[in-house]
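So this one's start05.cif, mmCIF, C-alpha atoms and all ligand atoms:
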data_start
#
loop_
_atom_site.label_atom_id
_atom_site.label_comp_id
_atom_site.auth_asym_id
_atom_site.auth_seq_id
_atom_site.Cartn_x
_atom_site.Cartn_y
_atom_site.Cartn_z
CA MET X 1 19.40 -7.74 96.05
CA SER X 2 19.24 -11.51 95.58
CA PHE X 3 17.63 -14.05 93.31
CA ALA X 4 14.98 -14.18 96.06
CA ALA X 5 14.34 -10.50 95.36
CA LEU X 6 13.92 -11.40 91.70
CA GLU X 7 11.80 -14.31 92.85
CA GLU X 8 8.52 -13.13 91.45
CA ALA X 9 10.07 -13.10 87.98
CA VAL X 10 11.99 -16.34 88.43
CA ARG X 11 9.65 -18.46 90.59
CA ASP X 12 6.66 -18.26 88.26
CA ALA X 13 8.70 -19.11 85.19
CA ARG X 14 8.54 -22.62 83.75
CA ASN X 15 10.61 -22.19 80.60
CA ILE X 16 13.72 -20.07 81.17
CA ALA X 17 16.23 -19.09 78.49
CA ILE X 18 19.56 -17.57 79.52
CA VAL X 19 21.64 -15.63 77.01
CA GLY X 20 24.86 -13.58 76.90
CA HIS X 21 26.80 -11.46 74.43
CA GLY X 22 28.12 -12.57 71.04
CA LYS X 23 31.62 -14.06 70.84
CA PRO X 24 31.29 -15.29 74.42
CA ASP X 25 34.23 -14.86 76.79
CA SER X 26 34.86 -16.57 80.14
CA ASP X 27 32.57 -14.26 82.09
CA CYS X 28 29.78 -14.63 79.56
CA ILE X 29 30.05 -18.43 79.45
CA GLY X 30 30.52 -18.71 83.23
CA SER X 31 27.54 -16.48 83.99
CA VAL X 32 25.12 -17.99 81.46
CA VAL X 33 25.94 -21.60 82.31
CA GLY X 34 26.41 -20.92 86.04
CA THR X 35 22.96 -19.30 86.22
CA ALA X 36 21.42 -22.25 84.38
CA LEU X 37 22.95 -24.82 86.75
CA TYR X 38 21.86 -22.78 89.76
CA LEU X 39 18.26 -22.27 88.61
CA ARG X 40 17.91 -25.96 87.71
CA ALA X 41 18.94 -26.82 91.28
CA VAL X 42 16.60 -24.28 92.88
CA TYR X 43 13.61 -24.81 90.57
CA PRO X 44 13.73 -28.48 89.51
CA ASP X 45 10.38 -28.19 87.73
CA ALA X 46 11.57 -25.44 85.42
CA VAL X 47 13.22 -26.11 82.08
CA VAL X 48 16.31 -23.92 81.90
CA ILE X 49 18.26 -23.56 78.64
CA PRO X 50 21.61 -21.72 78.45
CA LEU X 51 22.10 -20.31 74.93
CA LEU X 52 25.56 -19.30 73.71
CA GLU X 53 27.29 -18.80 70.38
CA ASP X 54 30.09 -21.19 69.52
CA PHE X 55 32.93 -20.78 72.03
CA HIS X 56 36.53 -21.88 72.50
CA GLU X 57 37.08 -25.60 73.08
CA LYS X 58 39.18 -24.82 76.21
CA PHE X 59 35.93 -24.26 78.13
CA GLY X 60 35.37 -28.00 77.96
CA ILE X 61 37.05 -28.05 81.39
CA LEU X 62 33.76 -26.67 82.74
CA GLU X 63 31.35 -29.60 83.03
CA GLY X 64 28.40 -27.21 82.83
CA ALA X 65 29.55 -25.74 79.50
CA LYS X 66 28.42 -28.98 77.84
CA GLU X 67 24.84 -27.90 78.64
CA ALA X 68 25.06 -24.80 76.43
CA ARG X 69 23.15 -24.83 73.14
CA GLN X 70 23.28 -22.47 70.19
CA GLU X 71 19.54 -22.74 69.55
CA LEU X 72 16.42 -23.37 71.59
CA PRO X 73 14.89 -26.84 71.33
CA GLU X 74 12.00 -26.96 68.89
CA GLY X 75 8.71 -25.90 70.45
CA PHE X 76 10.36 -24.33 73.50
CA THR X 77 8.81 -20.95 74.29
CA PRO X 78 10.51 -19.14 77.16
CA ASP X 79 8.40 -17.25 79.67
CA LEU X 80 11.51 -15.68 81.19
CA LEU X 81 14.67 -14.42 79.54
CA ILE X 82 17.80 -13.81 81.63
CA VAL X 83 20.52 -11.75 79.95
CA CYS X 84 24.02 -12.01 81.45
CA ASP X 85 27.18 -9.94 80.87
CA CYS X 86 25.60 -7.96 78.05
CA SER X 87 25.48 -4.16 78.14
CA GLU X 88 22.89 -3.64 75.42
CA ALA X 89 20.17 -5.82 73.92
CA TYR X 90 21.74 -5.54 70.46
CA ARG X 91 24.92 -7.26 71.73
CA ILE X 92 23.09 -10.49 72.62
CA GLY X 93 24.58 -13.41 70.69
CA ALA X 94 22.62 -16.68 70.40
CA GLY X 95 18.92 -16.09 71.12
CA SER X 96 19.04 -12.38 70.20
CA GLU X 97 15.56 -12.70 68.64
CA LEU X 98 14.15 -13.38 72.14
CA ALA X 99 14.90 -9.79 73.20
CA GLU X 100 12.29 -8.60 70.70
CA ALA X 101 9.67 -11.20 71.63
CA GLY X 102 8.07 -9.37 74.56
CA ILE X 103 9.26 -11.99 77.07
CA ARG X 104 9.77 -10.88 80.66
CA THR X 105 13.48 -10.04 80.84
CA VAL X 106 15.95 -9.91 83.73
CA VAL X 107 19.40 -8.39 83.08
CA ILE X 108 22.43 -9.19 85.24
CA ASP X 109 25.61 -7.33 84.35
CA HIS X 110 28.60 -5.23 85.44
CA HIS X 111 29.16 -2.93 82.42
CA ALA X 112 29.09 0.77 83.37
CA THR X 113 27.62 1.46 79.93
CA ASN X 114 24.58 -0.74 80.68
CA ALA X 115 21.63 1.63 81.07
CA GLY X 116 19.49 -1.17 82.50
CA PHE X 117 17.28 -2.61 79.77
CA GLY X 118 14.71 -5.34 80.42
CA ASP X 119 12.01 -5.49 83.11
CA GLU X 120 14.44 -5.92 86.01
CA ALA X 121 18.14 -5.17 85.92
CA VAL X 122 20.96 -5.76 88.37
CA VAL X 123 23.93 -3.81 87.00
CA ARG X 124 26.96 -3.37 89.24
CA PRO X 125 29.87 -1.57 87.57
CA GLU X 126 31.88 -1.88 90.79
CA SER X 127 31.96 -5.68 90.38
CA SER X 128 34.81 -7.35 88.49
CA SER X 129 32.51 -9.58 86.49
CA THR X 130 28.94 -10.74 86.03
CA CYS X 131 29.99 -13.97 87.77
CA GLU X 132 30.94 -11.97 90.88
CA VAL X 133 27.52 -10.25 90.81
CA LEU X 134 25.78 -13.62 90.44
CA PHE X 135 27.49 -15.16 93.46
CA THR X 136 26.08 -12.35 95.65
CA LEU X 137 22.58 -12.98 94.24
CA MET X 138 22.62 -16.74 94.84
CA ASP X 139 21.73 -18.79 97.91
CA HIS X 140 25.20 -20.18 98.64
CA GLU X 141 23.82 -23.48 99.91
CA LYS X 142 22.31 -24.20 96.51
CA ILE X 143 25.46 -23.66 94.47
CA SER X 144 26.90 -26.91 93.08
CA LYS X 145 30.59 -27.57 92.45
CA ASP X 146 30.02 -27.32 88.67
CA CYS X 147 28.23 -23.99 89.09
CA ALA X 148 31.07 -22.71 91.33
CA ALA X 149 33.62 -23.71 88.66
CA CYS X 150 31.72 -21.67 86.04
CA LEU X 151 31.58 -18.58 88.27
CA TYR X 152 35.26 -18.93 89.16
CA ALA X 153 36.28 -19.15 85.48
CA GLY X 154 34.31 -15.99 84.72
CA ILE X 155 36.01 -14.03 87.50
CA VAL X 156 39.43 -15.34 86.43
CA GLY X 157 38.78 -14.20 82.85
CA ASP X 158 37.54 -10.67 83.54
CA THR X 159 40.17 -9.96 86.22
CA GLY X 160 43.07 -11.40 84.18
CA VAL X 161 43.64 -13.87 87.05
CA PHE X 162 42.99 -11.30 89.81
CA ARG X 163 45.40 -8.71 88.37
CA HIS X 164 43.31 -6.05 86.62
CA SER X 165 42.15 -2.97 88.53
CA CYS X 166 38.57 -4.34 88.60
CA THR X 167 39.80 -6.88 91.22
CA SER X 168 38.56 -5.70 94.65
CA PRO X 169 38.74 -7.23 98.11
CA ALA X 170 35.13 -8.32 97.52
CA THR X 171 36.23 -10.11 94.33
CA MET X 172 38.89 -12.01 96.26
CA ARG X 173 36.38 -12.99 98.95
CA VAL X 174 33.97 -14.33 96.34
CA ALA X 175 36.81 -16.26 94.65
CA ALA X 176 37.87 -17.70 98.01
CA SER X 177 34.30 -18.79 98.74
CA LEU X 178 34.05 -20.44 95.33
CA MET X 179 37.24 -22.43 96.00
CA GLU X 180 35.48 -23.90 99.03
CA TYR X 181 33.09 -25.80 96.74
CA GLY X 182 35.97 -28.12 95.90
CA ILE X 183 36.71 -26.81 92.41
CA ASN X 184 40.16 -27.32 90.87
CA ALA X 185 41.03 -23.60 90.73
CA HIS X 186 44.54 -24.16 89.42
CA ALA X 187 43.34 -26.36 86.54
CA ILE X 188 40.61 -23.85 85.62
CA ILE X 189 43.13 -20.98 85.44
CA ARG X 190 45.59 -23.04 83.43
CA ALA X 191 43.04 -24.39 80.94
CA THR X 192 40.94 -21.25 80.43
CA TYR X 193 43.61 -18.57 80.75
CA ASP X 194 47.22 -19.73 80.40
CA LEU X 195 47.21 -22.49 77.79
CA HIS X 196 47.25 -21.70 74.08
CA SER X 197 47.44 -23.82 70.96
CA PHE X 198 50.40 -23.67 68.62
CA ALA X 199 48.24 -21.84 66.03
CA GLU X 200 47.22 -19.24 68.64
CA ASN X 201 50.88 -18.56 69.37
CA GLN X 202 51.56 -18.19 65.64
CA ILE X 203 48.89 -15.49 65.21
CA LEU X 204 50.08 -13.77 68.39
CA GLY X 205 53.60 -13.63 66.95
CA ALA X 206 52.33 -12.31 63.62
CA VAL X 207 50.28 -9.57 65.30
CA LEU X 208 53.10 -8.50 67.63
CA SER X 209 55.72 -8.39 64.90
CA SER X 210 53.51 -6.25 62.66
CA ALA X 211 52.25 -3.93 65.45
CA VAL X 212 52.69 -0.17 64.98
CA THR X 213 52.83 2.70 67.45
CA ALA X 214 51.42 6.24 67.34
CA LEU X 215 51.73 9.38 69.46
CA ASP X 216 55.34 8.78 70.48
CA GLY X 217 54.73 5.20 71.51
CA GLN X 218 51.80 6.02 73.81
CA VAL X 219 49.36 4.15 71.59
CA VAL X 220 49.97 0.77 69.98
CA PHE X 221 47.94 -1.00 67.30
CA GLY X 222 48.02 -4.71 66.55
CA THR X 223 46.05 -5.99 63.56
CA ALA X 224 44.96 -9.44 62.40
CA THR X 225 43.62 -9.48 58.86
CA ARG X 226 41.51 -12.32 57.51
CA GLN X 227 44.51 -13.44 55.50
CA MET X 228 46.73 -13.63 58.60
CA MET X 229 44.06 -15.59 60.44
CA ALA X 230 43.64 -18.00 57.52
CA GLU X 231 47.40 -18.52 57.27
CA CYS X 232 47.61 -19.41 60.96
CA GLY X 233 44.42 -21.48 60.88
CA VAL X 234 42.56 -19.53 63.59
CA THR X 235 39.14 -17.93 63.98
CA PRO X 236 38.11 -14.98 66.18
CA LYS X 237 37.52 -17.20 69.23
CA HIS X 238 41.30 -17.92 69.22
CA LEU X 239 42.35 -14.27 69.52
CA ASP X 240 41.52 -13.57 73.18
CA GLY X 241 44.43 -12.23 75.18
CA ILE X 242 46.44 -10.77 72.29
CA VAL X 243 45.51 -7.24 73.36
CA ASP X 244 47.04 -7.87 76.81
CA HIS X 245 50.45 -8.34 75.20
CA LEU X 246 50.07 -4.97 73.49
CA ILE X 247 49.14 -3.02 76.63
CA ASN X 248 51.88 -4.61 78.75
CA VAL X 249 54.60 -2.54 77.11
CA VAL X 250 56.59 0.24 78.80
CA GLY X 251 55.27 3.69 77.82
CA VAL X 252 52.06 2.40 76.18
CA LYS X 253 49.00 4.17 77.56
CA ALA X 254 46.41 2.68 75.21
CA ALA X 255 46.47 -0.49 73.13
CA VAL X 256 44.16 -1.49 70.31
CA PHE X 257 43.89 -4.95 68.84
CA MET X 258 41.80 -5.12 65.68
CA TYR X 259 40.76 -8.18 63.73
CA GLU X 260 38.92 -8.30 60.44
CA THR X 261 35.47 -9.88 60.76
CA GLU X 262 34.55 -9.42 57.10
CA PRO X 263 36.35 -7.55 54.35
CA GLY X 264 36.75 -3.93 55.48
CA VAL X 265 35.16 -4.45 58.92
CA PHE X 266 37.30 -4.59 62.06
CA LYS X 267 36.35 -5.49 65.62
CA ALA X 268 38.59 -3.47 67.95
CA SER X 269 39.54 -4.38 71.52
CA LEU X 270 40.84 -1.43 73.50
CA ARG X 271 42.84 -1.49 76.72
CA SER X 272 44.45 1.28 78.78
CA GLY X 273 46.59 1.76 81.84
CA GLU X 274 45.85 4.41 84.45
CA GLU X 275 45.60 7.42 82.18
CA ILE X 276 42.53 7.21 80.00
CA ALA X 277 39.03 5.75 79.81
CA VAL X 278 39.02 3.70 76.62
CA SER X 279 35.26 3.17 77.01
CA GLU X 280 34.98 6.82 75.83
CA ALA X 281 36.98 6.04 72.71
CA ALA X 282 34.88 2.91 72.05
CA LYS X 283 31.68 4.94 72.51
CA ALA X 284 32.84 7.39 69.83
CA PHE X 285 32.53 4.46 67.39
CA GLY X 286 29.25 3.09 68.72
CA GLY X 287 30.83 0.57 71.12
CA GLY X 288 31.33 0.56 74.88
CA GLY X 289 32.72 -1.42 77.79
CA HIS X 290 34.69 -0.54 80.89
CA LEU X 291 37.12 2.30 81.69
CA ARG X 292 40.17 0.17 80.89
CA ALA X 293 38.73 -2.54 78.64
CA ALA X 294 36.32 -1.66 75.87
CA GLY X 295 35.43 -2.57 72.32
CA CYS X 296 33.81 -1.35 69.14
CA THR X 297 33.39 -2.25 65.48
CA LEU X 298 34.79 -0.11 62.67
CA ALA X 299 33.52 -0.51 59.10
CA MET X 300 36.57 0.86 57.30
CA GLY X 301 40.05 -0.19 56.23
CA ALA X 302 42.74 -0.82 58.83
CA PRO X 303 44.79 2.35 58.09
CA GLU X 304 41.70 4.58 58.41
CA ALA X 305 40.62 2.77 61.60
CA ARG X 306 44.07 3.36 63.13
CA TYR X 307 44.03 7.01 62.03
CA ARG X 308 40.59 7.71 63.50
CA LEU X 309 41.29 5.84 66.73
CA THR X 310 44.58 7.73 67.10
CA GLN X 311 42.69 11.04 66.87
CA VAL X 312 40.19 10.05 69.55
CA LEU X 313 42.78 8.46 71.85
CA GLY X 314 45.04 11.51 71.37
CA SER X 315 42.27 13.86 72.58
CA LEU X 316 41.57 11.62 75.57
CA LEU X 317 45.27 11.56 76.45
CA LYS X 318 45.42 15.35 76.19
CA GLU X 319 42.29 15.81 78.32
CA SER X 320 43.42 13.33 80.94
CA GLY X 321 46.53 15.29 81.84
CA GLY X 322 47.92 11.96 83.03
CA GLN X 323 44.98 11.17 85.36
CA ALA X 324 42.54 8.28 85.13
CA LYS X 325 38.91 9.42 84.90
P1 LIG H 401 36.83 -7.21 74.36
O1 LIG H 401 37.90 -6.27 73.92
O2 LIG H 401 36.00 -7.74 73.24
O3 LIG H 401 37.38 -8.24 75.31
O4 LIG H 401 35.84 -6.33 75.21
C1 LIG H 401 36.25 -5.57 76.30
C2 LIG H 401 35.05 -5.07 77.06
O5 LIG H 401 34.31 -4.16 76.25
C3 LIG H 401 34.10 -6.19 77.42
O6 LIG H 401 33.56 -5.92 78.68
C4 LIG H 401 33.05 -6.12 76.35
O7 LIG H 401 31.82 -6.59 76.84
C5 LIG H 401 33.00 -4.64 76.02
N1 LIG H 401 32.72 -4.47 74.60
C6 LIG H 401 33.41 -5.00 73.58
N2 LIG H 401 32.87 -4.67 72.39
C7 LIG H 401 31.80 -3.89 72.67
C8 LIG H 401 30.80 -3.21 71.87
N3 LIG H 401 30.80 -3.25 70.54
N4 LIG H 401 29.85 -2.51 72.53
C9 LIG H 401 29.83 -2.44 73.87
N5 LIG H 401 30.73 -3.05 74.68
C10 LIG H 401 31.70 -3.75 74.10
MN MN H 402 32.13 -10.56 78.60
MN MN H 403 32.12 -9.41 82.05
#
Could you write out this structure as structure tokens?
Amino acid sequence: MSFAALEEAVRDARNIAIVGHGKPDSDCIGSVVGTALYLRAVYPDAVVIPLLEDFHEKFGILEGAKEARQELPEGFTPDLLIVCDCSEAYRIGAGSELAEAGIRTVVIDHHATNAGFGDEAVVRPESSSTCEVLFTLMDHEKISKDCAACLYAGIVGDTGVFRHSCTSPATMRVAASLMEYGINAHAIIRATYDLHSFAENQILGAVLSSAVTALDGQVVFGTATRQMMAECGVTPKHLDGIVDHLINVVGVKAAVFMYETEPGVFKASLRSGEEIAVSEAAKAFGGGGHLRAAGCTLAMGAPEARYRLTQVLGSLLKESGGQAK
């Protein structure tokens, strides 16, 4: 499969909108903006608009990210919608209304829980990231340096800098090819993954020092309430990566980081080691994701959310008998 195979959908389009999931992460930003830069190069007559919710200022290192808008220009009616890194239509962030507008829709994703909505879908759960999928769909001669930087940042984000189990030999080959476009790989990793603000470190410290364990230390919960976030001066886009500190603890088989989005509503990020598929736990609460990285939203108080998640994670741990599914 390639963009050429999607050509009928893409070639005839004049006004293309590209969207991703809400609270965009590196892979979402990299795939939405990378696709826009690529399509502008291949189809210079088309108007291509990447639409994304507000994202972290650190992505300013990606030249292309400056092209992203939160709303379509007035009078712009897309004849093609491309949805990147988004497992279900209801998870689309900026431009979500377009999914209901009967526009021809192409979905490009790597979530195993993506059942393939839209008119055409390329969903590859074996790929580390949507950015990795995209590179295989693109004509490599038409990829610009700025586009390559976007795709590289997305792969770096979803693989945790090539460390998570989703990193395959194919992922490394794609990353190596992207480096050959002259991008500053080191600077992209440092700016989008390693560096944090002082306020981000403060909330990290607050979450870690108030974390609690369950099931003999096999499950750990970290929680950021609205009050904690206000005290540290951070918003949800500054919380990425906290869950990784919770899972990287000896004996922890599943980690949950929850933050309060509105009073009594928590967004939970779940991570696991080898033993269990946290996507199953997330699904039990109407969410989804990958085997070892998933998410869901819980409309209840933090103690009840921890209690109910502990029950579900406990059953998964029991069923797993120590084996990954
Ligand atoms: P996060 O913990 O938000 O970094 O998300 C981890 C993975 O789970 C990502 O691949 C997300 O796209 C996916 N995910 C997070 N929240 C949800 C949700 N409510 N529904 C489906 N997938 C989700
Ligand atoms: Mn994502
Ligand atoms: Mn992704």
| Gly301 (chain X) surroundings by only C-alpha atoms, 10 Å radius, close-in-sequence under 2 positions cut, as a ChimeraX atom specification | /X:260,263-266,298-299,303-306
| said: Report as a ChimeraX atom specification all protein, DNA and RNA residues lying within 10 Å of Ile276 (chain X), evaluated on only C-alpha atoms, omitting residues in the same chain fewer than 4 positions from it. | reply: /X:253-254,271-272,280-281,291-292,313-325
| Counting all atoms listed in the file, the option among X:Ala9, X:Cys147, X:Val156, X:Met1 closest to ligand MN 402 (chain H) |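 Selected residue with least distance to ligand MN 402 (chain H): X:Val156.
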Sort by chain and increasing residue number a table of all residues of chain X within 6 Å of ligand LIG 401 (chain H), each with its closest pair of atoms and their distance in Å to one decimal, counting all atoms listed in the file, and write it as CSV.
residue,atom,partner,partner_atom,distance
X:Ser269,CA,H:LIG401,O1,3.5
X:Leu270,CA,H:LIG401,O1,5.7
X:Gly287,CA,H:LIG401,N4,3.5
X:Gly288,CA,H:LIG401,C9,3.5
X:Gly289,CA,H:LIG401,O5,3.5
X:His290,CA,H:LIG401,O5,5.9
X:Ala293,CA,H:LIG401,C1,4.6
X:Ala294,CA,H:LIG401,O5,3.2
X:Gly295,CA,H:LIG401,N2,3.3
X:Cys296,CA,H:LIG401,N3,3.8
X:Thr297,CA,H:LIG401,N3,5.8
Dump as a tab-separated table (two decimals), keeping the file's coordinate frame, selection limited to C-alpha atoms:
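Generated file (out.tsv):
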chain	number	residue	atom	x	y	z
X	269	SER	CA	39.54	-4.38	71.52
X	270	LEU	CA	40.84	-1.43	73.50
X	287	GLY	CA	30.83	0.57	71.12
X	288	GLY	CA	31.33	0.56	74.88
X	289	GLY	CA	32.72	-1.42	77.79
X	290	HIS	CA	34.69	-0.54	80.89
X	293	ALA	CA	38.73	-2.54	78.64
X	294	ALA	CA	36.32	-1.66	75.87
X	295	GLY	CA	35.43	-2.57	72.32
X	296	CYS	CA	33.81	-1.35	69.14
X	297	THR	CA	33.39	-2.25	65.48
| field | Selection as a PyMOL selection string: residues within 10 Å of ligand MN 403 (chain H) by all atoms listed in the file | value | chain X and resi 20-21+24-31+84-87+109-111+125+127-133+154-155+157-159+289-290
| said: Using all atoms listed in the file, which protein or nucleic acid residues come within 8 Å of Leu239 (chain X)? Drop anything in the same chain fewer than 3 positions from it, and give the result as an MDAnalysis selection string. | reply: chainID X and resid 200 203:204 234:236 242
Which polymer residues have any atom within 8 Å of an atom of Val252 (chain X), counting only C-alpha atoms, with same-chain residues fewer than 6 positions away left out, as an mmCIF file with C-alpha atoms, keeping the file's coordinate frame?
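Now in part_2.cif:
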data_model
loop_
_atom_site.group_PDB
_atom_site.id
_atom_site.type_symbol
_atom_site.label_atom_id
_atom_site.label_comp_id
_atom_site.auth_asym_id
_atom_site.auth_seq_id
_atom_site.Cartn_x
_atom_site.Cartn_y
_atom_site.Cartn_z
ATOM 1 C CA GLY X 217 54.730 5.200 71.510
ATOM 2 C CA GLN X 218 51.800 6.020 73.810
ATOM 3 C CA VAL X 219 49.360 4.150 71.590
ATOM 4 C CA VAL X 220 49.970 0.770 69.980
ATOM 5 C CA GLY X 273 46.590 1.760 81.840
#
| request: Have a look at X:Val10, X:Leu246, X:Met179, X:Met138 and name the one nearest to Ser210 (chain X); count only C-alpha atoms. | output: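 Ranked by minimum distance to Ser210 (chain X), first place goes to X:Leu246.
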| If you count only C-alpha atoms, which residues fall within 12 Å of Ala191 (chain X), apart from same-chain ones fewer than 2 positions away, as a ChimeraX atom specification? | /X:26,56-62,153,156-157,184-189,193-197
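Considering all atoms listed in the file, the residue among X:Ala230, X:Val250, X:Ile143, X:Ile92 positioned nearest to ligand MN 402 (chain H) is X:Ile92.
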| message | Under the rule that only C-alpha atoms are counted, which of X:Leu309, X:Val42, X:Val256, X:Asp79 is the nearest residue to Ile103 (chain X)? | response |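 Of X:Leu309, X:Val42, X:Val256, X:Asp79, the one nearest Ile103 (chain X) is X:Asp79, counting only C-alpha atoms.
With all atoms listed in the file as the atoms that count, the residue of X:Ala149, X:Val83, X:Val47, X:Pro73 with the shortest distance to ligand MN 402 (chain H) is X:Val83.
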| task | Determine the nearest neighbour of ligand MN 402 (chain H) from the options X:Lys145, X:Gly233, X:Asp240, X:Ala121, counting all atoms listed in the file. | result |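 Counting all atoms listed in the file, the residue closest to ligand MN 402 (chain H) is X:Asp240.
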| request: Tell me, in Å to one decimal, how far CA of Ile108 (chain X) is from CA of Ala255 (chain X). | output: 28.3 Å
